[in-house]
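Report on one structure; see the data block that follows.
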Amino acid sequence: MKLKLKELVCVLFALPILVLGHGDIYLVTIEGDPVVSYSGGVEGFAATAADLAEELDITSESVTSYSLHLEKRHDELLDSLFEVGTYKKLYSYRHLINGFAVHMSAEQAEALSRAPGVKYVEKDMKVKKLTTHTPKFLGLPTEVWPTGGGFDRAGEDIVIGFVDSGIYPKHPSFSTHHTEPYGPLPRYRGKCELDVNTNRDFCNGKIIGAQHFAKAAIAAGAFNPAVEFASPLDGDGHGTHTAAIAAGNNGIPVKLHGHEFGKASGMAPRARIAVYKVLYRLFGGFVSDVVAAIEQAVRDGVDILNLSVGPNSPSTNTKTTFLNPFDAALLSAVKAGVFVAQAAGNGGPFPKTLVSFSPWIASVAAAVDDRRYRNHITLGNGKILPGLGLSPSTPSNRSFNLVAASDVLLDSSVMKYSPLDCQRPELLNKKMVEGKILLCGYSFNFVSGTASIKRASETARSLGAAGFVVAVENTYPGTKFDPAPLNTPGILITDASKSKELIDYYSSATKRDWAGRATSFKAVASIADGLAPILHKSAPQVALFSSRGPDVKDFSFQDADVLKPDILAPGSLIWAAWTPNGTDEANYLGEGFAMVSGTSMAAPHIAGIAALIKQKHPRWSPSAIKSALMTTSTTLDKAGRPLQAQQYSGSETLTLVPATPFDYGSGAVDPKAALDPGLIFDASYEDYIRFLCSVPDVDPNEIHNITSSSCNTTHGRPSDLNIPSITVSHLKGTQTTKRIVTNVADTETYIITTRMSPEIALEASPPAMTVTSGASREISVSLTVRSVTGSYSFGEILMKGNRGHKVRIPVVAMGYNN
């Protein structure tokens, strides 16, 4: 019942270290290319730079020698500056960035920043976390899996890495008992840690790698071994859930409280799972550990990375949001051929709340799909009040007397325990509750996580109640109402006006003595059966909590010329595997499945679908896969109407408004179309560096310090990057940009049309073109200000091929006077 940012969000953090004295953890980069971009020049060490079309062979002599050379340089630098024992190096980063993580004092960090060869020193940041129906909703069983040999081949031998809270390996979603055996996959070089309690391997062929990263957490004194698992075991639930959404087995029955809610499946049921645990129960995690996990995943040979990682706000240490060790590591991962899906953030519905900024990452927004759970309670006065509750109906659909928790307290002194939210049955009079429907209040405890609907249900059950109602009279910041599966008839009334009707009816029908004590309960009600979902055609919709654009380019929240989010995928009320000891959702403590909402649930949908594309097109670059997903997405719902976004009205009640690209990016994912996009917009590592160099006011030295790449030219604009969207945040007069399309299908002739709101004139040329198979063609796009409104204008470029392909790119611009 509380809104949690399931993505990793970063805040500055510093704790005293008991062993080395007071200090912090710092991320440091030094001169010299990392393995992925080293093209030679150091005597005795051959080039190791990885091309997108090649595997990064970490076992080769050249890579091994050069990576050891870098680590030796890290150690020599530290040893030359500081006395042994006054610092502790935690990680050497050699493959994606050249640097290290070190625990030391602030004075040492200042001295290190001035040392020759040191380019960047940043204090580490503490971080936190940011299905049964969605495969069918997305058309996978009938339209996608058959083309790859069926669900038992969907994603075959594609490795998805999960940088998250670990995994519960015994879950049937990851079992190999009823599947074809998984053979060896020599190109994946990751390892499997042993469970420290059972001494058993975490891996089984389906789970192909399992490692945990906690050196920074331990050095900071945040890791409590009595509570946290020093292994890849998921103590939270989040990592198990995301892994199952992307790659869980097909047809796993979702059973809770004796009721089956359907059968679960991942997007790519046959894909392999590689676990990189960086999140822990009590404190979240640290960026140093996250960067180490990303580097290890790329070294191991994952094809796809699914991330719940993102800064809480733009870095104050760099002049642009796209430059920091984390985003630089992901840029190098993309250079090495790894597709990255990242949750966009849960800061919606407000603008500029994204936590995923960079154009080389697929930033995923969350949609509400067509499955909704609704329930209602019928009062004795004939009124029917809607609410949420995945519960059975009251026995035989009969009505029962209502009794409020406030009227059945055993002792008025227990008010200090907040008994009105029905979390502690020992505080209520069982004789007065038995056989009645218990009326509970909704306190801030539900938002903070110390109260849950599940616990209210257990209270009602232990007191012998016929059912229970939780009535929301006031909403709190961070409130998110999700239905929870129950074995007791129950309902949550989320509309405060409906709660008032319920309370008014109860008050009028309850007799009281001179002291206000209830003497008889005459109000009656019945709770309907809420176990069956209702399917809506007004789907998908952008979920209320999903973070919105515009993207920002710096700490002052100046708009960036990059469209974010990139794409929309299901992320609301997603059923998937859970770990029984998972503490992340109070309503699912002890359960094997959970229905959870967040952009963290949307990202693995895209990661799994990307695995299906990678399986069909193994030589495609990450940017090609991202392009295929974006250009084939849809801006229409299942009923053929324009997408809508959940938003707050003036009274903070939920309403629907027309959605824009700042809500959904290019649109809602269409997996079938993405497998055969016709044309793609490709971008190389060098293109991304040129993009960074074109960002206004960027410091070229900063780019070199963090990416080890130089700006050879200052020409161009950020909007020139060859991605399948065009964003101009500050358009004056006329601006022209170009896009290059590559045909990945048979030769086809495309008609090019444009559509734009009237404040901006949008033109694309040529109006038609034939692109032969494998060839590339250039498109020229010009935008001209017609009138200045002070707000963004939205449009699109649509390319229709004579063989049936449709390629669409969104266009976003804000006009200014010259």
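To be explicit about the labels: the chains of the structure tokens are called A, B, and onward in the order shown, and within each one the residues are counted from 1, while ligands get numbers from 1 in the order they are shown.
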- Within stretch 288-374 of chain A, find each residue whose DSSP state, derived from the backbone, is helix (DSSP H, G or I), and express the selection as JSON, numbers by chain. {"A": [288, 289, 290, 291, 292, 293, 294, 295, 296, 297, 298, 299, 300, 325, 326, 327, 328, 329, 330, 331, 332, 333, 334, 335]}
Could you write out that same residue set with N, CA and C atoms as a PDB file, in the first residue's frame?
```pdb
ATOM      1  N   SER A 288      29.074   2.073  -6.160  1.00  0.00           N
ATOM      2  CA  SER A 288      30.323   1.330  -6.388  1.00  0.00           C
ATOM      3  C   SER A 288      30.043  -0.138  -6.659  1.00  0.00           C
ATOM      4  N   ASP A 289      29.142  -0.715  -5.885  1.00  0.00           N
ATOM      5  CA  ASP A 289      28.772  -2.119  -6.087  1.00  0.00           C
ATOM      6  C   ASP A 289      28.008  -2.299  -7.395  1.00  0.00           C
ATOM      7  N   VAL A 290      27.154  -1.326  -7.729  1.00  0.00           N
ATOM      8  CA  VAL A 290      26.370  -1.410  -8.955  1.00  0.00           C
ATOM      9  C   VAL A 290      27.274  -1.379 -10.182  1.00  0.00           C
ATOM     10  N   VAL A 291      28.240  -0.455 -10.214  1.00  0.00           N
ATOM     11  CA  VAL A 291      29.148  -0.364 -11.361  1.00  0.00           C
ATOM     12  C   VAL A 291      29.972  -1.651 -11.478  1.00  0.00           C
ATOM     13  N   ALA A 292      30.382  -2.200 -10.339  1.00  0.00           N
ATOM     14  CA  ALA A 292      31.126  -3.470 -10.365  1.00  0.00           C
ATOM     15  C   ALA A 292      30.261  -4.590 -10.945  1.00  0.00           C
ATOM     16  N   ALA A 293      28.976  -4.603 -10.599  1.00  0.00           N
ATOM     17  CA  ALA A 293      28.070  -5.635 -11.113  1.00  0.00           C
ATOM     18  C   ALA A 293      27.867  -5.489 -12.617  1.00  0.00           C
ATOM     19  N   ILE A 294      27.697  -4.250 -13.082  1.00  0.00           N
ATOM     20  CA  ILE A 294      27.520  -4.013 -14.521  1.00  0.00           C
ATOM     21  C   ILE A 294      28.767  -4.458 -15.277  1.00  0.00           C
ATOM     22  N   GLU A 295      29.937  -4.079 -14.760  1.00  0.00           N
ATOM     23  CA  GLU A 295      31.177  -4.471 -15.425  1.00  0.00           C
ATOM     24  C   GLU A 295      31.303  -5.994 -15.475  1.00  0.00           C
ATOM     25  N   GLN A 296      30.978  -6.657 -14.367  1.00  0.00           N
ATOM     26  CA  GLN A 296      31.083  -8.111 -14.330  1.00  0.00           C
ATOM     27  C   GLN A 296      30.109  -8.761 -15.310  1.00  0.00           C
ATOM     28  N   ALA A 297      28.905  -8.215 -15.396  1.00  0.00           N
ATOM     29  CA  ALA A 297      27.899  -8.771 -16.305  1.00  0.00           C
ATOM     30  C   ALA A 297      28.367  -8.703 -17.751  1.00  0.00           C
ATOM     31  N   VAL A 298      28.961  -7.572 -18.125  1.00  0.00           N
ATOM     32  CA  VAL A 298      29.456  -7.427 -19.499  1.00  0.00           C
ATOM     33  C   VAL A 298      30.637  -8.359 -19.731  1.00  0.00           C
ATOM     34  N   ARG A 299      31.539  -8.444 -18.774  1.00  0.00           N
ATOM     35  CA  ARG A 299      32.669  -9.376 -18.893  1.00  0.00           C
ATOM     36  C   ARG A 299      32.185 -10.808 -19.023  1.00  0.00           C
ATOM     37  N   ASP A 300      31.109 -11.138 -18.312  1.00  0.00           N
ATOM     38  CA  ASP A 300      30.602 -12.512 -18.334  1.00  0.00           C
ATOM     39  C   ASP A 300      29.951 -12.868 -19.665  1.00  0.00           C
ATOM     40  N   PRO A 325      30.065   8.020 -13.716  1.00  0.00           N
ATOM     41  CA  PRO A 325      30.623   6.661 -13.885  1.00  0.00           C
ATOM     42  C   PRO A 325      29.563   5.619 -14.224  1.00  0.00           C
ATOM     43  N   PHE A 326      28.373   5.772 -13.676  1.00  0.00           N
ATOM     44  CA  PHE A 326      27.306   4.805 -13.924  1.00  0.00           C
ATOM     45  C   PHE A 326      26.879   4.826 -15.394  1.00  0.00           C
ATOM     46  N   ASP A 327      26.529   6.016 -15.916  1.00  0.00           N
ATOM     47  CA  ASP A 327      26.098   6.100 -17.309  1.00  0.00           C
ATOM     48  C   ASP A 327      27.245   5.788 -18.266  1.00  0.00           C
ATOM     49  N   ALA A 328      28.474   6.132 -17.877  1.00  0.00           N
ATOM     50  CA  ALA A 328      29.632   5.814 -18.711  1.00  0.00           C
ATOM     51  C   ALA A 328      29.834   4.304 -18.797  1.00  0.00           C
ATOM     52  N   ALA A 329      29.626   3.615 -17.690  1.00  0.00           N
ATOM     53  CA  ALA A 329      29.735   2.148 -17.708  1.00  0.00           C
ATOM     54  C   ALA A 329      28.680   1.542 -18.626  1.00  0.00           C
ATOM     55  N   LEU A 330      27.477   2.103 -18.595  1.00  0.00           N
ATOM     56  CA  LEU A 330      26.420   1.594 -19.466  1.00  0.00           C
ATOM     57  C   LEU A 330      26.709   1.923 -20.931  1.00  0.00           C
ATOM     58  N   LEU A 331      27.321   3.084 -21.193  1.00  0.00           N
ATOM     59  CA  LEU A 331      27.703   3.417 -22.563  1.00  0.00           C
ATOM     60  C   LEU A 331      28.729   2.407 -23.085  1.00  0.00           C
ATOM     61  N   SER A 332      29.683   2.035 -22.243  1.00  0.00           N
ATOM     62  CA  SER A 332      30.659   1.025 -22.650  1.00  0.00           C
ATOM     63  C   SER A 332      30.005  -0.341 -22.803  1.00  0.00           C
ATOM     64  N   ALA A 333      29.002  -0.633 -21.987  1.00  0.00           N
ATOM     65  CA  ALA A 333      28.270  -1.896 -22.129  1.00  0.00           C
ATOM     66  C   ALA A 333      27.586  -1.952 -23.487  1.00  0.00           C
ATOM     67  N   VAL A 334      26.977  -0.829 -23.889  1.00  0.00           N
ATOM     68  CA  VAL A 334      26.337  -0.769 -25.200  1.00  0.00           C
ATOM     69  C   VAL A 334      27.382  -0.928 -26.304  1.00  0.00           C
ATOM     70  N   LYS A 335      28.549  -0.319 -26.116  1.00  0.00           N
ATOM     71  CA  LYS A 335      29.635  -0.473 -27.094  1.00  0.00           C
ATOM     72  C   LYS A 335      30.013  -1.941 -27.246  1.00  0.00           C
TER      73      LYS A 335
END
```
Just want the 6 Å neighbourhood of A:Ser452, counted on only C-alpha atoms, with same-chain residues fewer than 6 positions away dropped. Output as a PDB file with N, CA and C atoms, in the first residue's frame.
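Output file part_23.pdb follows:
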```pdb
ATOM      1  N   PHE A 446      -0.122   2.649   6.475  1.00  0.00           N
ATOM      2  CA  PHE A 446      -0.217   1.890   5.231  1.00  0.00           C
ATOM      3  C   PHE A 446       0.772   2.427   4.197  1.00  0.00           C
ATOM      4  N   ALA A 586       4.489  -5.736   1.914  1.00  0.00           N
ATOM      5  CA  ALA A 586       3.931  -6.326   3.131  1.00  0.00           C
ATOM      6  C   ALA A 586       2.757  -7.252   2.845  1.00  0.00           C
ATOM      7  N   ASN A 587       1.993  -6.976   1.772  1.00  0.00           N
ATOM      8  CA  ASN A 587       0.822  -7.802   1.468  1.00  0.00           C
ATOM      9  C   ASN A 587       1.184  -9.186   0.953  1.00  0.00           C
TER      10      ASN A 587
END
```
query: With distances taken over only C-alpha atoms, which of A:Ile25, A:His617, A:Asn817, A:Glu702 is nearest to A:Ala745?
result: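 Among the listed residues, the smallest separation from A:Ala745 belongs to A:His617.
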If you run DSSP on the backbone here, which positions in stretch 126-217 of chain A get strand (DSSP E or B)? Please write them as an mmCIF file with N, CA and C atoms, in the first residue's frame.
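Result file is states_34.cif:
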```
data_model
loop_
_atom_site.group_PDB
_atom_site.id
_atom_site.type_symbol
_atom_site.label_atom_id
_atom_site.label_comp_id
_atom_site.auth_asym_id
_atom_site.auth_seq_id
_atom_site.Cartn_x
_atom_site.Cartn_y
_atom_site.Cartn_z
ATOM 1 N N LYS A 126 24.606 6.292 -1.833
ATOM 2 C CA LYS A 126 23.766 5.189 -1.390
ATOM 3 C C LYS A 126 22.555 5.099 -2.307
ATOM 4 N N VAL A 127 22.089 3.901 -2.558
ATOM 5 C CA VAL A 127 21.014 3.713 -3.524
ATOM 6 C C VAL A 127 19.928 2.806 -2.959
ATOM 7 N N VAL A 159 21.100 -14.507 -22.878
ATOM 8 C CA VAL A 159 21.363 -14.320 -21.448
ATOM 9 C C VAL A 159 20.931 -12.916 -21.031
ATOM 10 N N ILE A 160 20.024 -12.858 -20.062
ATOM 11 C CA ILE A 160 19.586 -11.573 -19.505
ATOM 12 C C ILE A 160 20.190 -11.418 -18.123
ATOM 13 N N GLY A 161 20.922 -10.329 -17.930
ATOM 14 C CA GLY A 161 21.506 -10.044 -16.625
ATOM 15 C C GLY A 161 20.597 -9.130 -15.815
ATOM 16 N N PHE A 162 20.412 -9.455 -14.548
ATOM 17 C CA PHE A 162 19.532 -8.685 -13.659
ATOM 18 C C PHE A 162 20.360 -8.083 -12.533
ATOM 19 N N VAL A 163 20.514 -6.765 -12.571
ATOM 20 C CA VAL A 163 21.197 -6.046 -11.500
ATOM 21 C C VAL A 163 20.109 -5.615 -10.531
ATOM 22 N N ASP A 164 19.957 -6.382 -9.448
ATOM 23 C CA ASP A 164 18.752 -6.237 -8.625
ATOM 24 C C ASP A 164 19.012 -6.790 -7.227
ATOM 25 N N ILE A 167 17.797 -13.487 -6.319
ATOM 26 C CA ILE A 167 16.785 -14.387 -6.850
ATOM 27 C C ILE A 167 16.486 -15.489 -5.845
ATOM 28 N N CYS A 192 28.748 -19.150 -10.556
ATOM 29 C CA CYS A 192 27.617 -19.377 -9.659
ATOM 30 C C CYS A 192 28.128 -19.523 -8.242
ATOM 31 N N LEU A 194 27.845 -20.280 -4.199
ATOM 32 C CA LEU A 194 27.167 -21.302 -3.411
ATOM 33 C C LEU A 194 26.319 -20.639 -2.342
ATOM 34 N N ASP A 201 24.668 -25.032 -5.116
ATOM 35 C CA ASP A 201 24.837 -24.111 -6.233
ATOM 36 C C ASP A 201 23.521 -23.369 -6.501
ATOM 37 N N ILE A 207 18.967 -20.677 -14.530
ATOM 38 C CA ILE A 207 19.788 -19.656 -13.875
ATOM 39 C C ILE A 207 21.226 -20.036 -14.179
ATOM 40 N N ILE A 208 21.890 -19.201 -14.968
ATOM 41 C CA ILE A 208 23.206 -19.574 -15.495
ATOM 42 C C ILE A 208 24.343 -18.888 -14.759
ATOM 43 N N GLY A 209 24.029 -17.849 -14.002
ATOM 44 C CA GLY A 209 25.037 -17.147 -13.218
ATOM 45 C C GLY A 209 24.381 -16.504 -12.013
ATOM 46 N N ALA A 210 25.110 -16.455 -10.888
ATOM 47 C CA ALA A 210 24.554 -15.848 -9.672
ATOM 48 C C ALA A 210 25.695 -15.338 -8.807
ATOM 49 N N GLN A 211 25.789 -14.005 -8.679
ATOM 50 C CA GLN A 211 26.847 -13.389 -7.892
ATOM 51 C C GLN A 211 26.265 -12.238 -7.083
ATOM 52 N N HIS A 212 26.914 -11.905 -5.980
ATOM 53 C CA HIS A 212 26.465 -10.745 -5.209
ATOM 54 C C HIS A 212 27.640 -9.797 -5.000
#
```
Skip A:Val254 itself and residues of its chain fewer than 6 positions away, then list as a PDB file with N, CA, C and O atoms, in the first residue's frame all residues within 12 Å of it, counting only C-alpha atoms.
```pdb
ATOM      1  N   THR A 131       4.334 -12.352 -14.319  1.00  0.00           N
ATOM      2  CA  THR A 131       3.034 -11.857 -14.771  1.00  0.00           C
ATOM      3  C   THR A 131       2.185 -12.962 -15.398  1.00  0.00           C
ATOM      4  O   THR A 131       2.689 -13.829 -16.071  1.00  0.00           O
ATOM      5  N   THR A 132       0.948 -12.945 -15.238  1.00  0.00           N
ATOM      6  CA  THR A 132       0.072 -13.991 -15.791  1.00  0.00           C
ATOM      7  C   THR A 132      -0.601 -13.585 -17.076  1.00  0.00           C
ATOM      8  O   THR A 132      -0.971 -14.422 -17.876  1.00  0.00           O
ATOM      9  N   HIS A 133      -0.760 -12.306 -17.283  1.00  0.00           N
ATOM     10  CA  HIS A 133      -1.649 -11.841 -18.343  1.00  0.00           C
ATOM     11  C   HIS A 133      -0.920 -11.060 -19.418  1.00  0.00           C
ATOM     12  O   HIS A 133      -1.356 -11.058 -20.564  1.00  0.00           O
ATOM     13  N   HIS A 171      12.124 -21.291  -6.932  1.00  0.00           N
ATOM     14  CA  HIS A 171      10.787 -20.991  -7.424  1.00  0.00           C
ATOM     15  C   HIS A 171      10.503 -21.776  -8.713  1.00  0.00           C
ATOM     16  O   HIS A 171      11.389 -21.928  -9.560  1.00  0.00           O
ATOM     17  N   PRO A 172       9.258 -22.266  -8.880  1.00  0.00           N
ATOM     18  CA  PRO A 172       8.929 -23.018 -10.106  1.00  0.00           C
ATOM     19  C   PRO A 172       9.091 -22.203 -11.385  1.00  0.00           C
ATOM     20  O   PRO A 172       9.252 -22.778 -12.459  1.00  0.00           O
ATOM     21  N   SER A 173       9.068 -20.876 -11.292  1.00  0.00           N
ATOM     22  CA  SER A 173       9.292 -20.059 -12.481  1.00  0.00           C
ATOM     23  C   SER A 173      10.702 -20.224 -13.039  1.00  0.00           C
ATOM     24  O   SER A 173      10.959 -19.883 -14.190  1.00  0.00           O
ATOM     25  N   GLU A 260      -6.573 -19.732  -7.889  1.00  0.00           N
ATOM     26  CA  GLU A 260      -5.597 -19.565  -8.961  1.00  0.00           C
ATOM     27  C   GLU A 260      -5.929 -18.318  -9.765  1.00  0.00           C
ATOM     28  O   GLU A 260      -7.032 -18.181 -10.287  1.00  0.00           O
ATOM     29  N   PHE A 261      -4.950 -17.440  -9.866  1.00  0.00           N
ATOM     30  CA  PHE A 261      -5.142 -16.163 -10.566  1.00  0.00           C
ATOM     31  C   PHE A 261      -4.650 -16.213 -12.015  1.00  0.00           C
ATOM     32  O   PHE A 261      -4.510 -15.182 -12.649  1.00  0.00           O
ATOM     33  N   GLY A 262      -4.400 -17.390 -12.516  1.00  0.00           N
ATOM     34  CA  GLY A 262      -3.926 -17.538 -13.884  1.00  0.00           C
ATOM     35  C   GLY A 262      -2.607 -18.276 -13.899  1.00  0.00           C
ATOM     36  O   GLY A 262      -2.175 -18.838 -12.884  1.00  0.00           O
ATOM     37  N   LYS A 263      -1.963 -18.278 -15.057  1.00  0.00           N
ATOM     38  CA  LYS A 263      -0.678 -18.954 -15.198  1.00  0.00           C
ATOM     39  C   LYS A 263       0.369 -17.936 -15.637  1.00  0.00           C
ATOM     40  O   LYS A 263       0.155 -17.164 -16.563  1.00  0.00           O
ATOM     41  N   ALA A 264       1.502 -17.958 -14.958  1.00  0.00           N
ATOM     42  CA  ALA A 264       2.545 -16.961 -15.177  1.00  0.00           C
ATOM     43  C   ALA A 264       3.484 -17.396 -16.291  1.00  0.00           C
ATOM     44  O   ALA A 264       3.711 -18.580 -16.524  1.00  0.00           O
ATOM     45  N   SER A 265       4.061 -16.409 -16.967  1.00  0.00           N
ATOM     46  CA  SER A 265       5.081 -16.663 -17.968  1.00  0.00           C
ATOM     47  C   SER A 265       5.932 -15.427 -18.142  1.00  0.00           C
ATOM     48  O   SER A 265       5.438 -14.302 -18.044  1.00  0.00           O
ATOM     49  N   PRO A 485      -4.449  -9.804  -2.760  1.00  0.00           N
ATOM     50  CA  PRO A 485      -5.199 -11.061  -2.666  1.00  0.00           C
ATOM     51  C   PRO A 485      -5.468 -11.422  -1.212  1.00  0.00           C
ATOM     52  O   PRO A 485      -4.579 -11.343  -0.366  1.00  0.00           O
ATOM     53  N   ILE A 574       1.270  -6.328 -11.874  1.00  0.00           N
ATOM     54  CA  ILE A 574       1.897  -7.422 -12.612  1.00  0.00           C
ATOM     55  C   ILE A 574       2.118  -8.617 -11.682  1.00  0.00           C
ATOM     56  O   ILE A 574       2.832  -8.522 -10.682  1.00  0.00           O
ATOM     57  N   TRP A 575       1.494  -9.739 -12.034  1.00  0.00           N
ATOM     58  CA  TRP A 575       1.709 -10.983 -11.289  1.00  0.00           C
ATOM     59  C   TRP A 575       3.045 -11.603 -11.716  1.00  0.00           C
ATOM     60  O   TRP A 575       3.335 -11.729 -12.900  1.00  0.00           O
ATOM     61  N   ALA A 576       3.850 -12.020 -10.759  1.00  0.00           N
ATOM     62  CA  ALA A 576       5.079 -12.750 -11.070  1.00  0.00           C
ATOM     63  C   ALA A 576       5.600 -13.388  -9.786  1.00  0.00           C
ATOM     64  O   ALA A 576       5.058 -13.185  -8.696  1.00  0.00           O
ATOM     65  N   ALA A 577       6.666 -14.146  -9.947  1.00  0.00           N
ATOM     66  CA  ALA A 577       7.244 -14.900  -8.831  1.00  0.00           C
ATOM     67  C   ALA A 577       7.687 -13.974  -7.702  1.00  0.00           C
ATOM     68  O   ALA A 577       8.029 -12.815  -7.919  1.00  0.00           O
ATOM     69  N   TRP A 578       7.699 -14.528  -6.502  1.00  0.00           N
ATOM     70  CA  TRP A 578       8.090 -13.792  -5.306  1.00  0.00           C
ATOM     71  C   TRP A 578       8.879 -14.738  -4.414  1.00  0.00           C
ATOM     72  O   TRP A 578       8.730 -15.956  -4.512  1.00  0.00           O
ATOM     73  N   GLU A 591       4.479 -15.291   0.696  1.00  0.00           N
ATOM     74  CA  GLU A 591       3.816 -15.828  -0.493  1.00  0.00           C
ATOM     75  C   GLU A 591       4.834 -16.182  -1.575  1.00  0.00           C
ATOM     76  O   GLU A 591       5.971 -15.721  -1.567  1.00  0.00           O
ATOM     77  N   GLY A 592       4.401 -16.992  -2.540  1.00  0.00           N
ATOM     78  CA  GLY A 592       5.251 -17.393  -3.649  1.00  0.00           C
ATOM     79  C   GLY A 592       5.064 -16.548  -4.887  1.00  0.00           C
ATOM     80  O   GLY A 592       5.845 -16.644  -5.839  1.00  0.00           O
ATOM     81  N   PHE A 593       3.996 -15.742  -4.904  1.00  0.00           N
ATOM     82  CA  PHE A 593       3.729 -14.838  -6.021  1.00  0.00           C
ATOM     83  C   PHE A 593       3.287 -13.501  -5.458  1.00  0.00           C
ATOM     84  O   PHE A 593       2.775 -13.414  -4.337  1.00  0.00           O
ATOM     85  N   ALA A 594       3.477 -12.456  -6.252  1.00  0.00           N
ATOM     86  CA  ALA A 594       3.035 -11.122  -5.843  1.00  0.00           C
ATOM     87  C   ALA A 594       2.571 -10.358  -7.075  1.00  0.00           C
ATOM     88  O   ALA A 594       3.063 -10.574  -8.180  1.00  0.00           O
ATOM     89  N   MET A 595       1.618  -9.477  -6.851  1.00  0.00           N
ATOM     90  CA  MET A 595       1.140  -8.585  -7.901  1.00  0.00           C
ATOM     91  C   MET A 595       1.623  -7.184  -7.541  1.00  0.00           C
ATOM     92  O   MET A 595       1.118  -6.570  -6.598  1.00  0.00           O
TER      93      MET A 595
END
```
- Task: List the neighbours of A:Pro565 out to 7 Å using only C-alpha atoms; skip same-chain residues closer than 6 positions along the sequence, and give me the result as a list in words.
- Result: Ala344, Ser363, Val364, Ala365, Gly549, Phe662, Tyr664 and Gly665 of chain A
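Distances to A:Leu463 were evaluated for A:Ser92, A:Thr494, A:Thr394, A:Gln423 using only C-alpha atoms, and the minimum falls at A:Gln423.
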**Q.** Spatial neighbours of A:Gly99, max dist 6 Å, only C-alpha atoms, sep filter under 4 positions, as number ranges by chain
**A.** A: 28-30, 93
Put those residues in a file: N, CA, C and O atoms, as an mmCIF file, in the first residue's frame.
```cif
data_model
loop_
_atom_site.group_PDB
_atom_site.id
_atom_site.type_symbol
_atom_site.label_atom_id
_atom_site.label_comp_id
_atom_site.auth_asym_id
_atom_site.auth_seq_id
_atom_site.Cartn_x
_atom_site.Cartn_y
_atom_site.Cartn_z
ATOM 1 N N VAL A 28 36.661 6.644 -8.664
ATOM 2 C CA VAL A 28 37.775 7.371 -9.256
ATOM 3 C C VAL A 28 38.002 6.859 -10.678
ATOM 4 O O VAL A 28 37.982 5.652 -10.920
ATOM 5 N N THR A 29 38.209 7.773 -11.629
ATOM 6 C CA THR A 29 38.674 7.371 -12.952
ATOM 7 C C THR A 29 40.042 7.984 -13.194
ATOM 8 O O THR A 29 40.342 9.079 -12.697
ATOM 9 N N ILE A 30 40.877 7.242 -13.946
ATOM 10 C CA ILE A 30 42.234 7.725 -14.206
ATOM 11 C C ILE A 30 42.516 7.681 -15.703
ATOM 12 O O ILE A 30 41.738 7.114 -16.482
ATOM 13 N N TYR A 93 37.996 -1.106 -11.673
ATOM 14 C CA TYR A 93 37.168 -1.121 -12.882
ATOM 15 C C TYR A 93 38.109 -1.041 -14.085
ATOM 16 O O TYR A 93 38.833 -0.053 -14.242
#
```
Could you tell me how far atom CA of A:Pro225 lies from atom CA of A:Ala343, in Å and to one decimal?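 Here the two named atoms are 28.9 Å from each other.
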A straight line from atom CA of A:Thr770 to atom CA of A:Thr747 spans 7.2 Å
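Of the residues listed (A:Ser448, A:Ser621, A:Asn375, A:Ser443), A:Ser621 shows the shortest atom-to-atom separation from A:Asp682; distances use only C-alpha atoms.
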Using only C-alpha atoms, the shortest atom-to-atom distance to A:Glu107 among A:Tyr91, A:Phe82, A:Tyr120, A:Phe202 belongs to A:Phe82
